[in-house]
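Data block for entry08.txt (compact mmCIF, C-alpha atoms):
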```txt
# COMPACT_ATOMS: atom_id res chain seq x y z
CA MET L 5 -126.58 -78.44 106.58
CA THR L 6 -127.02 -80.99 109.40
CA ALA L 7 -124.65 -83.40 107.62
CA LEU L 8 -121.96 -80.74 107.41
CA LEU L 9 -122.17 -79.78 111.08
CA PRO L 10 -119.60 -82.37 112.25
CA LEU L 11 -117.15 -81.07 109.65
CA VAL L 12 -117.63 -77.51 110.87
CA LEU L 13 -117.06 -78.67 114.44
CA LEU L 14 -113.89 -80.50 113.40
CA ALA L 15 -112.57 -77.37 111.69
CA ALA L 16 -113.24 -75.39 114.87
CA MET L 17 -111.50 -78.04 116.98
CA ALA L 18 -108.42 -78.00 114.71
CA GLY L 19 -108.23 -74.22 114.90
CA ALA L 20 -108.61 -74.24 118.68
CA ALA L 21 -105.90 -76.89 119.00
CA THR L 22 -103.55 -74.79 116.89
CA LEU L 23 -104.15 -71.76 119.10
CA LEU L 24 -103.59 -73.71 122.31
CA LEU L 25 -100.36 -75.28 121.03
CA GLU L 26 -98.95 -71.92 119.98
CA GLN L 27 -99.94 -70.27 123.26
CA GLY L 28 -98.04 -73.04 125.02
CA GLY L 29 -94.89 -72.13 123.15
CA ARG L 30 -94.93 -75.06 120.75
CA ARG L 31 -93.52 -74.70 117.25
CA GLY L 32 -94.31 -76.71 114.14
CA TYR L 33 -97.54 -78.67 113.89
CA GLY L 34 -97.90 -79.82 117.50
CA TRP L 35 -95.94 -83.08 117.40
CA VAL L 36 -93.54 -81.31 115.02
CA THR L 37 -95.41 -82.35 111.84
CA GLY L 38 -98.93 -82.76 113.19
CA SER L 39 -99.41 -86.51 113.35
CA GLU L 40 -101.56 -86.18 116.45
CA PHE L 41 -104.28 -84.75 114.21
CA ALA L 42 -104.08 -87.79 111.95
CA LEU L 43 -104.32 -90.04 115.00
CA ALA L 44 -107.37 -88.11 116.20
CA GLY L 45 -108.92 -88.57 112.76
CA ILE L 46 -108.28 -92.32 112.86
CA PHE L 47 -110.04 -92.43 116.23
CA LEU L 48 -113.03 -90.59 114.75
CA GLY L 49 -113.15 -92.72 111.61
CA PRO L 50 -114.11 -96.36 110.91
CA PHE L 51 -111.01 -97.68 112.69
CA GLY L 52 -112.26 -95.94 115.86
CA ILE L 53 -115.72 -94.76 116.87
CA ASP L 54 -116.86 -94.32 113.24
CA LEU L 55 -118.23 -90.82 113.78
CA LEU L 56 -117.41 -89.63 110.26
CA SER L 57 -119.07 -91.75 107.59
CA GLU L 58 -117.85 -92.13 104.02
CA GLU L 59 -120.83 -90.10 102.85
CA LEU L 60 -119.93 -87.26 105.19
CA ILE L 61 -116.33 -87.25 103.96
CA GLY L 62 -117.74 -87.07 100.45
CA HIS L 63 -119.36 -83.74 101.35
CA ALA L 64 -115.93 -82.44 102.31
CA ARG L 65 -114.19 -83.19 99.00
CA LEU L 66 -114.47 -79.62 97.74
CA PRO L 67 -113.19 -77.98 100.98
CA ILE L 68 -110.36 -80.54 101.10
CA ALA L 69 -109.38 -79.71 97.51
CA LEU L 70 -109.56 -76.01 98.36
CA GLY L 71 -107.30 -76.51 101.38
CA ALA L 72 -104.78 -78.39 99.25
CA SER L 73 -104.93 -75.62 96.63
CA TRP L 74 -104.14 -73.02 99.29
CA VAL L 75 -101.15 -75.03 100.48
CA GLY L 76 -99.95 -75.39 96.88
CA LEU L 77 -100.22 -71.66 96.34
CA GLY L 78 -97.93 -71.11 99.31
CA LEU L 79 -95.39 -73.55 97.87
CA GLY L 80 -95.31 -71.63 94.59
CA LEU L 81 -94.78 -68.34 96.40
CA ARG L 82 -91.68 -69.79 98.06
CA LEU L 83 -89.96 -69.65 94.67
CA ARG L 84 -89.27 -65.93 94.93
CA PRO L 85 -86.08 -64.81 93.17
CA ASN L 86 -84.66 -63.12 96.27
CA ALA L 87 -85.28 -66.26 98.36
CA LEU L 88 -83.64 -68.57 95.83
CA ALA L 89 -80.70 -66.20 95.37
CA LYS L 90 -79.61 -66.85 98.96
CA ALA L 91 -79.15 -70.58 98.32
CA PRO L 92 -76.02 -71.94 96.59
CA GLY L 93 -76.73 -73.41 93.17
CA ARG L 94 -75.52 -76.86 94.19
CA HIS L 95 -78.04 -76.91 97.04
CA VAL L 96 -80.85 -76.05 94.64
CA VAL L 97 -79.73 -78.83 92.29
CA ALA L 98 -79.61 -81.28 95.20
CA SER L 99 -83.13 -80.24 96.25
CA GLN L 100 -84.45 -81.45 92.90
CA LEU L 101 -82.23 -84.53 92.49
CA GLU L 102 -82.91 -85.93 95.95
CA PRO L 103 -86.70 -86.38 95.60
CA ILE L 104 -86.31 -87.77 92.05
CA ILE L 105 -83.83 -90.38 93.28
CA ALA L 106 -86.06 -91.13 96.28
CA MET L 107 -89.10 -91.62 94.02
CA LEU L 108 -87.25 -93.95 91.65
CA VAL L 109 -85.73 -95.99 94.48
CA LEU L 110 -89.06 -96.17 96.30
CA ARG L 111 -90.82 -97.29 93.11
CA GLY L 112 -88.28 -100.10 92.73
CA LEU L 113 -88.68 -101.12 96.37
CA LEU L 114 -92.46 -101.13 95.99
CA GLU L 115 -92.21 -103.33 92.91
CA ALA L 116 -90.07 -105.80 94.85
CA GLY L 117 -92.52 -105.67 97.75
CA ILE L 118 -95.49 -106.30 95.45
CA ARG L 119 -93.84 -109.36 93.94
CA PHE L 120 -92.82 -110.70 97.36
CA SER L 121 -96.17 -110.15 99.08
CA GLY L 122 -98.53 -110.67 96.15
CA LEU L 123 -100.48 -107.49 96.95
CA PRO L 124 -102.81 -106.45 94.09
CA LEU L 125 -101.27 -102.98 93.68
CA SER L 126 -101.35 -101.53 90.18
CA SER L 127 -98.37 -99.86 88.54
CA ILE L 128 -100.14 -96.46 88.61
CA ALA L 129 -100.90 -96.84 92.32
CA ALA L 130 -97.26 -97.72 93.01
CA TRP L 131 -96.08 -94.63 91.11
CA ALA L 132 -98.57 -92.47 93.03
CA LEU L 133 -97.22 -93.82 96.33
CA ALA L 134 -93.65 -93.20 95.17
CA ALA L 135 -94.57 -89.59 94.34
CA ALA L 136 -96.20 -89.10 97.75
CA GLY L 137 -93.09 -90.44 99.49
CA GLY L 138 -90.56 -88.36 97.57
CA ALA L 139 -90.87 -85.08 99.47
CA THR L 140 -89.92 -84.03 103.00
CA THR L 141 -91.68 -81.73 105.43
CA ARG L 142 -90.03 -78.42 106.29
CA ALA L 143 -91.54 -78.48 109.80
CA THR L 144 -88.95 -80.89 111.23
CA LEU L 145 -86.00 -78.69 110.28
CA ASP L 146 -87.87 -75.58 111.45
CA TRP L 147 -88.31 -77.34 114.79
CA ALA L 148 -84.60 -78.20 114.97
CA ARG L 149 -83.59 -74.61 114.25
CA ALA L 150 -86.13 -72.98 116.57
CA GLN L 151 -86.20 -75.42 119.47
CA ARG L 152 -82.73 -77.02 119.36
CA GLY L 153 -80.71 -74.09 118.04
CA ALA L 154 -79.42 -75.96 114.99
CA ARG L 155 -77.03 -73.78 112.99
CA GLY L 156 -74.33 -74.55 110.44
CA PRO L 157 -73.58 -75.31 106.80
CA LEU L 158 -75.29 -78.71 106.76
CA THR L 159 -78.39 -77.19 108.37
CA ASP L 160 -78.43 -74.52 105.67
CA GLY L 161 -78.12 -77.15 102.95
CA LEU L 162 -80.95 -79.20 104.43
CA ARG L 163 -83.07 -76.07 104.65
CA THR L 164 -82.84 -75.58 100.89
CA LEU L 165 -83.58 -79.25 100.29
CA VAL L 166 -86.72 -79.40 102.41
CA THR L 167 -87.99 -76.06 101.11
CA LEU L 168 -87.82 -76.97 97.42
CA ASP L 169 -87.97 -80.76 97.25
CA ASP L 170 -91.78 -80.81 96.95
CA LEU L 171 -91.65 -79.76 93.30
CA PRO L 172 -90.68 -83.01 91.50
CA PRO L 173 -93.12 -85.18 93.54
CA LEU L 174 -95.88 -82.60 93.01
CA PHE L 175 -95.57 -82.60 89.26
CA ALA L 176 -95.22 -86.40 89.23
CA LEU L 177 -98.51 -86.57 91.13
CA ALA L 178 -100.07 -84.11 88.67
CA ALA L 179 -98.93 -86.27 85.75
CA ILE L 180 -100.42 -89.39 87.36
CA PHE L 181 -103.69 -87.53 87.95
CA ALA L 182 -103.69 -86.52 84.27
CA LEU L 183 -103.14 -90.13 83.18
CA VAL L 184 -106.05 -91.51 85.21
CA PRO L 185 -108.66 -88.74 85.57
CA PRO L 186 -111.42 -89.45 88.09
CA HIS L 187 -114.22 -89.08 85.53
CA ALA L 188 -114.88 -88.46 81.85
CA THR L 189 -113.79 -85.10 80.51
CA ARG L 190 -113.64 -83.17 77.26
CA LEU L 191 -109.85 -83.21 77.53
CA VAL L 192 -109.31 -86.66 76.12
CA SER L 193 -105.54 -87.00 76.50
CA ALA L 194 -103.11 -86.64 79.40
CA TRP L 195 -101.15 -84.03 77.43
CA GLN L 196 -104.27 -81.90 77.08
CA ARG L 197 -104.90 -82.10 80.81
CA LEU L 198 -101.30 -81.16 81.59
CA ALA L 199 -101.57 -78.23 79.18
CA ALA L 200 -104.80 -77.21 80.90
CA THR L 201 -102.98 -77.27 84.25
CA ALA L 202 -100.32 -74.92 82.89
CA GLY L 203 -102.90 -72.64 81.30
CA LEU L 204 -104.98 -72.52 84.47
CA GLY L 205 -101.94 -71.64 86.57
CA LEU L 206 -100.99 -68.85 84.16
CA GLY L 207 -104.52 -67.42 84.12
CA LEU L 208 -104.81 -67.46 87.91
CA ALA L 209 -101.43 -65.75 88.24
CA ALA L 210 -102.54 -62.98 85.88
CA LEU L 211 -105.66 -62.50 88.01
CA VAL L 212 -103.65 -62.26 91.25
CA VAL L 213 -101.14 -59.78 89.80
CA LEU L 214 -103.98 -57.67 88.40
CA ILE L 215 -105.80 -57.47 91.73
CA VAL L 216 -102.73 -56.96 93.92
CA GLY L 217 -101.28 -54.30 91.65
CA ARG L 218 -97.71 -53.06 91.44
CA ARG L 219 -97.80 -50.04 93.74
CA ARG L 220 -98.85 -49.96 97.37
CA PHE L 221 -99.48 -53.32 99.05
CA VAL L 222 -103.01 -53.62 100.45
CA PRO L 223 -103.42 -56.68 102.72
CA GLN L 224 -107.17 -56.91 102.14
CA LEU L 225 -106.66 -57.04 98.39
CA ALA L 226 -103.93 -59.63 98.84
CA TRP L 227 -106.27 -61.91 100.78
CA LEU L 228 -109.01 -61.40 98.20
CA ALA L 229 -106.66 -62.16 95.31
CA LEU L 230 -105.04 -65.24 96.83
CA PHE L 231 -108.16 -66.82 98.25
CA GLY L 232 -110.12 -65.99 95.11
CA ALA L 233 -107.45 -67.62 92.95
CA SER L 234 -107.48 -70.72 95.15
CA ALA L 235 -111.27 -71.03 95.08
CA LEU L 236 -111.58 -70.32 91.36
CA GLY L 237 -108.64 -72.59 90.56
CA THR L 238 -110.12 -75.43 92.61
CA GLY L 239 -113.47 -75.22 90.84
CA LEU L 240 -112.00 -74.97 87.34
CA ALA L 241 -109.46 -77.72 88.02
CA GLN L 242 -112.22 -80.08 89.05
CA GLU L 243 -114.14 -79.29 85.86
CA LEU L 244 -111.00 -79.86 83.78
CA THR L 245 -110.08 -83.01 85.79
CA VAL L 246 -106.61 -81.71 86.66
CA LEU L 247 -104.91 -81.61 90.07
CA PRO L 248 -105.89 -78.31 91.76
CA LEU L 249 -102.77 -78.09 93.91
CA ALA L 250 -100.51 -78.28 90.84
CA ALA L 251 -102.35 -75.40 89.14
CA THR L 252 -102.20 -73.14 92.20
CA CYS L 253 -98.53 -73.99 92.82
CA LEU L 254 -97.75 -72.89 89.27
CA CYS L 255 -99.83 -69.78 89.85
CA GLY L 256 -97.83 -68.95 92.99
CA ALA L 257 -94.51 -69.49 91.22
CA ILE L 258 -95.49 -67.12 88.40
CA VAL L 259 -96.80 -64.50 90.84
CA ALA L 260 -93.57 -64.77 92.86
CA ARG L 261 -91.65 -63.62 89.77
CA SER L 262 -94.17 -61.06 88.56
CA THR L 263 -94.74 -58.69 91.46
CA ARG L 264 -92.54 -56.87 93.94
CA HIS L 265 -95.02 -57.80 96.69
CA ALA L 266 -94.09 -61.51 96.52
CA ASP L 267 -92.54 -61.57 100.02
CA LYS L 268 -95.67 -60.14 101.61
CA LEU L 269 -97.93 -62.47 99.63
CA GLU L 270 -95.93 -65.46 100.82
CA GLU L 271 -96.33 -64.27 104.40
CA VAL L 272 -100.11 -64.30 103.93
CA THR L 273 -100.15 -67.97 102.98
CA ARG L 274 -97.48 -69.01 105.49
CA SER L 275 -99.49 -67.76 108.46
CA THR L 276 -102.47 -69.95 107.53
CA GLN L 277 -100.84 -73.17 106.32
CA ARG L 278 -100.55 -74.68 109.79
CA PRO L 279 -104.29 -74.91 110.63
CA VAL L 280 -105.11 -75.94 107.04
CA ILE L 281 -102.68 -78.87 107.15
CA GLN L 282 -103.88 -79.83 110.63
CA LEU L 283 -107.46 -80.03 109.44
CA LEU L 284 -106.44 -82.04 106.37
CA LEU L 285 -104.54 -84.47 108.62
CA LEU L 286 -107.60 -84.86 110.81
CA LEU L 287 -109.91 -85.55 107.88
CA ALA L 288 -107.39 -87.87 106.24
CA GLY L 289 -107.20 -90.04 109.33
CA ALA L 290 -111.00 -90.20 109.42
CA SER L 291 -111.15 -91.07 105.71
CA LEU L 292 -109.08 -94.25 105.95
CA ARG L 293 -110.85 -97.32 104.59
CA GLY L 294 -109.84 -100.79 103.53
CA GLY L 295 -109.38 -102.75 106.73
CA LEU L 296 -106.41 -103.84 108.80
CA TRP L 297 -104.34 -105.19 105.92
CA THR L 298 -104.47 -101.80 104.23
CA LEU L 299 -102.93 -100.23 107.33
CA VAL L 300 -100.26 -102.94 107.54
CA ALA L 301 -99.33 -102.41 103.88
CA ALA L 302 -99.28 -98.63 104.43
CA ILE L 303 -96.85 -99.01 107.32
CA GLY L 304 -94.70 -101.21 105.11
CA PHE L 305 -94.68 -98.45 102.49
CA ALA L 306 -93.63 -95.88 105.08
CA LEU L 307 -90.72 -98.09 106.16
CA LEU L 308 -89.61 -98.56 102.54
CA ARG L 309 -89.73 -94.78 102.20
CA PHE L 310 -87.18 -94.46 105.01
CA LEU L 311 -84.79 -96.67 103.03
CA ALA L 312 -85.40 -94.73 99.82
CA LYS L 313 -84.79 -91.36 101.51
CA THR L 314 -81.60 -92.70 103.09
CA ILE L 315 -80.26 -93.83 99.71
CA ALA L 316 -81.22 -90.54 98.08
CA GLY L 317 -79.53 -88.62 100.90
CA VAL L 318 -76.28 -90.50 100.37
CA ALA L 319 -76.44 -89.80 96.63
CA VAL L 320 -76.82 -86.01 96.95
CA SER L 321 -74.77 -85.46 100.10
CA PRO L 322 -71.62 -84.29 98.20
CA LEU L 323 -73.71 -81.39 96.85
CA VAL L 324 -74.90 -80.43 100.34
CA SER L 325 -71.96 -81.05 102.67
CA PRO L 326 -69.53 -78.11 103.19
CA ARG L 327 -66.44 -79.73 101.61
CA GLY L 328 -68.21 -81.92 99.09
CA LEU L 329 -67.75 -85.03 101.22
CA ARG L 330 -70.26 -87.86 101.28
CA VAL L 331 -72.48 -87.89 104.38
CA PRO L 332 -73.97 -91.41 104.73
CA SER L 333 -76.48 -90.25 107.34
CA LEU L 334 -77.80 -87.21 105.45
CA GLY L 335 -81.08 -89.02 104.75
CA LEU L 336 -81.78 -88.96 108.49
CA GLY L 337 -82.61 -85.29 108.06
CA MET L 338 -85.35 -86.00 105.53
CA LEU L 339 -87.49 -88.72 107.10
CA GLY L 340 -90.40 -86.45 108.05
CA GLY L 341 -93.40 -86.86 105.73
CA GLY L 342 -93.99 -84.03 103.26
CA GLY L 343 -96.99 -81.96 104.35
CA ILE L 344 -97.60 -80.29 100.99
CA ILE L 345 -97.44 -83.51 98.99
CA PHE L 346 -99.60 -85.15 101.65
CA ALA L 347 -102.26 -82.48 101.01
CA GLY L 348 -102.15 -83.10 97.26
CA ALA L 349 -102.20 -86.88 97.68
CA PHE L 350 -105.17 -86.68 100.07
CA SER L 351 -107.26 -84.50 97.78
CA ALA L 352 -106.40 -86.74 94.81
CA ALA L 353 -107.08 -89.98 96.69
CA LEU L 354 -110.66 -88.96 97.45
CA VAL L 355 -111.62 -88.72 93.79
CA LEU L 356 -109.41 -91.34 92.10
CA GLU L 357 -110.69 -94.87 91.70
CA PRO L 358 -110.40 -96.89 94.95
CA SER L 359 -107.68 -99.20 93.58
CA ILE L 360 -105.43 -96.10 93.47
CA GLY L 361 -107.00 -93.77 96.01
CA THR L 362 -107.23 -96.20 98.95
CA PRO L 363 -103.54 -97.20 99.07
CA LEU L 364 -102.46 -93.62 98.26
CA LEU L 365 -104.41 -92.21 101.20
CA ALA L 366 -103.34 -94.92 103.65
CA GLY L 367 -99.70 -94.64 102.59
CA SER L 368 -99.73 -90.86 102.92
CA VAL L 369 -101.14 -91.02 106.45
CA ALA L 370 -98.63 -93.68 107.47
CA MET L 371 -95.84 -91.58 105.98
CA VAL L 372 -96.76 -88.63 108.20
CA LEU L 373 -97.24 -90.74 111.32
CA LEU L 374 -93.97 -92.68 111.10
CA GLY L 375 -92.10 -89.64 109.83
CA ASP L 376 -93.18 -87.71 112.91
CA LEU L 377 -92.26 -90.61 115.15
CA VAL L 378 -88.73 -91.07 113.78
CA GLY L 379 -87.83 -87.92 111.83
CA PRO L 380 -87.20 -85.33 114.60
CA LYS L 381 -84.91 -87.54 116.66
CA ALA L 382 -83.07 -88.78 113.56
CA LEU L 383 -82.48 -85.20 112.41
CA TRP L 384 -81.33 -84.16 115.88
CA LEU L 385 -78.82 -87.04 115.96
CA LEU L 386 -77.51 -86.09 112.51
CA LEU L 387 -76.98 -82.44 113.38
CA ARG L 388 -75.54 -83.20 116.81
CA GLY L 389 -73.04 -85.56 115.17
CA ARG L 390 -72.01 -82.75 112.83
CA GLY L 391 -71.66 -80.29 115.71
CA GLU L 392 -74.49 -78.06 114.50
CA VAL L 393 -76.67 -78.17 117.60
CA ALA L 394 -75.83 -75.04 119.57
CA ASP L 395 -75.78 -76.68 123.00
CA PRO L 396 -76.34 -80.45 122.84
CA SER L 397 -76.30 -80.91 126.61
CA ALA L 398 -78.90 -78.21 127.15
CA ALA L 399 -81.04 -79.14 124.17
CA GLY L 400 -81.59 -82.71 125.23
CA ALA L 401 -83.03 -85.39 123.04
CA PRO L 402 -86.27 -84.64 121.28
CA PRO L 403 -89.46 -85.99 122.78
```
Show the structure stored in the file as C-alpha cells.
Amino acid sequence: MTALLPLVLLAAMAGAATLLLEQGGRRGYGWVTGSEFALAGIFLGPFGIDLLSEELIGHARLPIALGASWVGLGLGLRLRPNALAKAPGRHVVASQLEPIIAMLVLRGLLEAGIRFSGLPLSSIAAWALAAAGGATTRATLDWARAQRGARGPLTDGLRTLVTLDDLPPLFALAAIFALVPPHATRLVSAWQRLAATAGLGLGLAALVVLIVGRRRFVPQLAWLALFGASALGTGLAQELTVLPLAATCLCGAIVARSTRHADKLEEVTRSTQRPVIQLLLLLAGASLRGGLWTLVAAIGFALLRFLAKTIAGVAVSPLVSPRGLRVPSLGLGMLGGGGIIFAGAFSAALVLEPSIGTPLLAGSVAMVLLGDLVGPKALWLLLRGRGEVADPSAAGAPP
C-alpha cells in the first residue's frame, strides 16, 4: 500500500489539474493535447528528480491497461450509425486511407533513418512506432472549433478524419502485439490471439447490452456495464496476451450498433476521457528509460512523423476538400499526436520486451510533445488560409 501511495497522489493531482483548467475556461487537455502532463511526468521520472522508480511504475501496469481500455471503449462508441451517417462517404474513406498511408510512409522513413544512423531498432519496433504515429488527436481540432471559431467544409472534413483515423493504427498495434506477446500463452499463434481479441470484444459487448437493456436508460447501470466491461476485458486480455484496448474498442463498436442508448453511453465515456489521458501522459513521462540517446531518437521519430502526415494529407486531400482539389497543406491539420493510440502504445510498451517497448514509449511521448508544440498553430494557419476561422483578427495566433 505504501508503494502505491505516490501513484494515488499523482492521480489526485491529475484530477485536480483537470478541474482547475476547466474552471479557468480552458478547452482540450490543458495545452490543447495535454503535453504539460507528460512534461511533469518527465520531471518526476529518472530524467528529473527520479521520484517514480521502475518498480513503482510496474505496480501501475494494471491501472494503466485499464485506463487504456476505457479510452478504447470510448473510441468504439464513436462508431454509432447516426454519427457516421452525418459524414460524407468520401470523408470516411479518407479517414481510413490517411493513417494507412502515414504508417507506410513513416515505416519507410524509419527504415531509411535506421540505415543512416545505425540504430539497433528491430523491424517489429519500427512497425510499432509507425502504428503509434499514424493517428491524430481530435483535441486540436476541437480546440480550433471551440476557441478559434473554425467553421467550414474543410473543418468538417478534418473532423471526420481525426474522429475515425485511430482505427487502422489501433488494429496494426493489436496485430503487432499478437505477433510478439509479452509472455508465454496457451494461444500459440498470432491468428489465435487475434481471434481471441475478436471473441473477447464480442463477449464484452453482449454483457454491456444485457446490463444496459433496451428500454429506459439508467445512468447507474450504464456506468456499471461500461466500467465492468473495461475491467473484465483488461483482466481477460492480459491472460490471453492480447491488447486490451483493441478488445474494448471492438466491444464499443458492437454496442454502438446494438442498442438505442449508444449516444448516451458515448457521453459517459467522453466525460471521463480527459482525466484518464492526462494521468496516462503523466505516468508515461515518468516511465521513460534508456538515456539521452533514446530521447534524441524519439524526437527524430516525431519529426519524421510530421513528414509522413504531410505526405498522407496531400494524398487524401482531394477526398476532403470541397471541390475535390488537392490541398498541399492539409497535413498541417493532423500533426497533433493521437491520444487514443498513445494510450494503447503506452500500455503495450510496459509489457513488451525492452527492445520494442522502450523506443515505442519514448516515441509516443515525443509524438505528443512535439505535436502539441506545432500542431495547434499549424492547424490554425491552415484554416485561416482557407478562410474558415470566423474572425482571424480577433482570434489571434494560438499560444
Output as CSV one row per residue of range 41-115 of chain L within 10 Å of range 372-392 of chain L: the closest atom pair and its distance in Å to one decimal place, counting only C-alpha atoms, sorted by chain and residue number ascending.
```
residue,atom,partner,partner_atom,distance
L:Phe41,CA,L:Leu373,CA,9.7
L:Ala42,CA,L:Leu373,CA,7.5
L:Leu43,CA,L:Leu373,CA,8.0
```
Subject >> Leu113 in chain L environment, 9 Å, only C-alpha atoms, sequence neighbours closer than 5 positions dropped, as a ChimeraX atom specification >> reply: /L:108,118,305,308-309,311-312
**OP:** Measuring atom to atom with only C-alpha atoms, identify which of L:His187, L:Arg111, L:Lys268, L:Arg94 is nearest to Leu162 in chain L.
**Re:** L:Arg94
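If you measure from each of L:Ala135, L:Leu299, L:Val369, L:Leu225 to Phe181 in chain L using all atoms listed in the file, the closest one turns out to be L:Ala135.
Rounded to one decimal, CA of Glu115 in chain L and CA of Gln196 in chain L lie 29.2 Å from each other.
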Subject >> Counting all atoms listed in the file, the residue of L:Leu145, L:Ala266, L:Leu230, L:Leu208 that sits nearest Thr159 in chain L >> reply: L:Leu145
Can you tell me, as a PDB file with C-alpha atoms, in the coordinates of the input, which residues sit within 9 Å of (-90.4, -66.3, 97.6) in the file's frame, using all atoms listed in the file?
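Output contents, as saved in point_38.pdb:
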```
ATOM      1  CA  LEU L  79     -95.390 -73.550  97.870  1.00  0.00           C
ATOM      2  CA  GLY L  80     -95.310 -71.630  94.590  1.00  0.00           C
ATOM      3  CA  LEU L  81     -94.780 -68.340  96.400  1.00  0.00           C
ATOM      4  CA  ARG L  82     -91.680 -69.790  98.060  1.00  0.00           C
ATOM      5  CA  LEU L  83     -89.960 -69.650  94.670  1.00  0.00           C
ATOM      6  CA  ARG L  84     -89.270 -65.930  94.930  1.00  0.00           C
ATOM      7  CA  PRO L  85     -86.080 -64.810  93.170  1.00  0.00           C
ATOM      8  CA  ASN L  86     -84.660 -63.120  96.270  1.00  0.00           C
ATOM      9  CA  ALA L  87     -85.280 -66.260  98.360  1.00  0.00           C
ATOM     10  CA  LEU L  88     -83.640 -68.570  95.830  1.00  0.00           C
ATOM     11  CA  ALA L 257     -94.510 -69.490  91.220  1.00  0.00           C
ATOM     12  CA  ALA L 260     -93.570 -64.770  92.860  1.00  0.00           C
ATOM     13  CA  ARG L 261     -91.650 -63.620  89.770  1.00  0.00           C
ATOM     14  CA  ALA L 266     -94.090 -61.510  96.520  1.00  0.00           C
ATOM     15  CA  ASP L 267     -92.540 -61.570 100.020  1.00  0.00           C
ATOM     16  CA  LEU L 269     -97.930 -62.470  99.630  1.00  0.00           C
ATOM     17  CA  GLU L 270     -95.930 -65.460 100.820  1.00  0.00           C
TER      18      GLU L 270
END
```
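Closest approach to Gly341 in chain L among L:Ala116, L:Ala136, L:Leu70, L:Leu165: L:Ala136, based on all atoms listed in the file.
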**OP:** Excluding Val109 in chain L and residues on its chain fewer than 3 positions from it, collect all residues at most 12 Å away from it, counting all atoms listed in the file, and give them as JSON, numbers by chain.
**Re:** {"L": [102, 103, 104, 105, 106, 112, 113, 114, 115, 116, 130, 131, 133, 134, 135, 137, 138, 308, 309, 310, 311, 312, 313, 314, 315, 316, 317, 319]}
**OP:** Would you list the contacts of Ala200 in chain L as a ChimeraX atom specification, taking every protein, DNA or RNA residue within 9 Å and counting all atoms listed in the file, but skipping same-chain residues closer than 5 positions in sequence?
**Re:** /L:191,195,205,241,244,246,251
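Considering the residues L:Met371, L:Val320, L:Arg155, L:Ser121 and counting all atoms listed in the file, Gly342 in chain L has its shortest atom-to-atom contact with L:Met371.
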